[in-house]
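J.: What follows is a structure written as structure tokens; I'll ask about it next.
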Amino acid sequence: MKKIAFIIGYPRSGTTMLATMLSRHSAICTMGETHFFLTTNLFPLFRHTYNWWNNYINHNRRFKMIDFRLSDNTDLKKKLSASEYFTCYAESYREHKGAAWFVEKSPTHIDVLPSIRSAYPNAPIINIVRDVRDTTASMLNASWANNSPIKHVAEWKAVQRRTKRFKDFNGMNILNVRYEDLLANPELELTRILKHIDPALIYSDSLLNDTAVRDAIPECEKAWKEKAGHKPDLTRQFAWKKKSEPWHRYAALCNDELAIWGYELQPKCRLSFIDKLLAFIYVTPLYRNLRVLIKSRTLYDR
């Protein structure tokens, strides 16, 4: 059995916080976001040599943030698929850390669930969900993110629908976790998450020790991800309620999904034709595939 698990979720939903907590478990190792299955999405059927893959990650912007590199294989000309190479990398890192499980955390992997299912049909996956109004507010505050609230709202809606479909109809081993529940009851939720990964894993208070080393946050990202390494802060629960914003009205587009997750519904309001058109475009498969295509190229630094 390949002891690889995945954390997915819409960006700014608490994926880094969860990965940081799990990295403090003696049987689990994590690292910075690799986005590996997104960046290799354009050539899923190709098999390249071991040496080619090594060169690939050496030039990948995400992997440049990670210190670990595979030692040279005796057969550098051996051809591997993307998933075979990733397995080799993950297992090597896991052994290097002396851990039983490698947990990969990349929010963008939520866009390429079929690739993960194909490579690891039974892999434990933890999908962390946060209220769309809080994820949107956080994205609007991020210097690297798009500043269109309706885009983030519509994409959040599409992500929830797609993840539910893969869990219900494609049989993926997905455990859903609400960010707010993880803040309010960390011991209960972390116990549930650990059992999902491996029934033998036991909860320890060390998971909430914010003085421990955190491999999930690369040095270059600590400035803006530092809060993710702190102890759960209940003041971050439903932060959107503390400040009313005009764009909150867009969250009404997600009322069906908000109801499923037990979140407060957004009062309905009339949207302009342009808003409706944009919301429609942002949830279409064509737009999603184009977005994956753009992301998969921009994340790879040639």
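As shown in the structure tokens, the chain order sets the letters A, B, ...; within each chain, residues go from 1, and ligands are also counted from 1 in the order they appear.
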May I have the residues within 9 Å of stretch 256-263 of chain A as a list of chain:residue names, using only C-alpha atoms and disregarding those fewer than 4 positions away in the same chain?

T.: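 Selected residues are A:Val129, A:Asp131, A:Val132, A:Lys157, A:Gln160, A:Arg161, A:Arg178, A:Ala251, A:Ala252.
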
J.: Which residues come within 12 Å of A:Pro246, counting only C-alpha atoms, excluding same-chain residues fewer than 6 positions away, as a PyMOL selection string?

T.: chain A and resi 133+137+149-150+240+269

J.: Kindly save the residues from that selection, with N, CA and C atoms included, as an mmCIF file, in the first residue's frame.

T.:
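Output (part20.cif):
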data_model
loop_
_atom_site.group_PDB
_atom_site.id
_atom_site.type_symbol
_atom_site.label_atom_id
_atom_site.label_comp_id
_atom_site.auth_asym_id
_atom_site.auth_seq_id
_atom_site.Cartn_x
_atom_site.Cartn_y
_atom_site.Cartn_z
ATOM 1 N N ARG A 133 -17.983 33.188 2.001
ATOM 2 C CA ARG A 133 -17.780 34.622 2.249
ATOM 3 C C ARG A 133 -16.424 34.885 2.904
ATOM 4 N N ALA A 137 -13.289 36.774 0.986
ATOM 5 C CA ALA A 137 -12.666 37.928 1.645
ATOM 6 C C ALA A 137 -11.161 37.735 1.751
ATOM 7 N N PRO A 149 -14.813 39.370 -6.785
ATOM 8 C CA PRO A 149 -15.522 38.532 -5.812
ATOM 9 C C PRO A 149 -16.456 37.520 -6.456
ATOM 10 N N ILE A 150 -17.113 37.903 -7.544
ATOM 11 C CA ILE A 150 -18.047 36.967 -8.163
ATOM 12 C C ILE A 150 -17.301 35.759 -8.750
ATOM 13 N N TRP A 240 -16.654 36.920 8.282
ATOM 14 C CA TRP A 240 -17.419 37.762 7.364
ATOM 15 C C TRP A 240 -18.580 38.480 8.061
ATOM 16 N N CYS A 269 -30.867 38.427 -3.881
ATOM 17 C CA CYS A 269 -30.969 39.786 -4.416
ATOM 18 C C CYS A 269 -30.895 39.712 -5.935
#

J.: Which residues come within 12 Å of A:Phe166, counting only C-alpha atoms, excluding same-chain residues fewer than 4 positions away, as a PyMOL selection string?

T.: chain A and resi 110-117+121+125+127+159-162+170-175

J.: I'd like the contact shell of stretch 19-23 of chain A - 7 Å cut-off, only C-alpha atoms, skipping same-chain residues fewer than 4 positions apart - returned as a list of chain:residue names.

T.: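 Everything that qualifies: A:Thr15, A:Ile28, A:Cys29, A:Thr30, A:Lys105, A:Leu207, A:Leu208, A:Arg214, A:Asp215, A:Ala216, A:Gly229.
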
J.: Excluding A:Asn51 and any residue of its chain fewer than 2 positions from it, enumerate the residues within 9 Å of it, using only C-alpha atoms, and give them as a PDB file with C-alpha atoms, in the first residue's frame.

T.:
ATOM      1  CA  HIS A  48       9.830  10.180 -19.153  1.00  0.00           C
ATOM      2  CA  THR A  49      13.156   9.048 -17.804  1.00  0.00           C
ATOM      3  CA  TRP A  53      11.687  14.073 -13.990  1.00  0.00           C
ATOM      4  CA  ASN A  54      14.561  15.153 -11.733  1.00  0.00           C
ATOM      5  CA  ASN A  55      15.305  18.023 -14.100  1.00  0.00           C
ATOM      6  CA  TYR A  56      11.602  18.830 -14.238  1.00  0.00           C
ATOM      7  CA  ASP A  72      20.340   9.761  -8.081  1.00  0.00           C
ATOM      8  CA  ASN A  73      18.830   6.463  -9.120  1.00  0.00           C
ATOM      9  CA  ASP A  75      19.025   3.676 -13.590  1.00  0.00           C
ATOM     10  CA  LEU A  76      18.576   7.300 -14.661  1.00  0.00           C
ATOM     11  CA  LYS A  77      17.249   6.163 -18.044  1.00  0.00           C
ATOM     12  CA  LYS A  78      14.357   4.215 -16.530  1.00  0.00           C
ATOM     13  CA  LYS A  79      11.051   5.611 -17.807  1.00  0.00           C
TER      14      LYS A  79
END
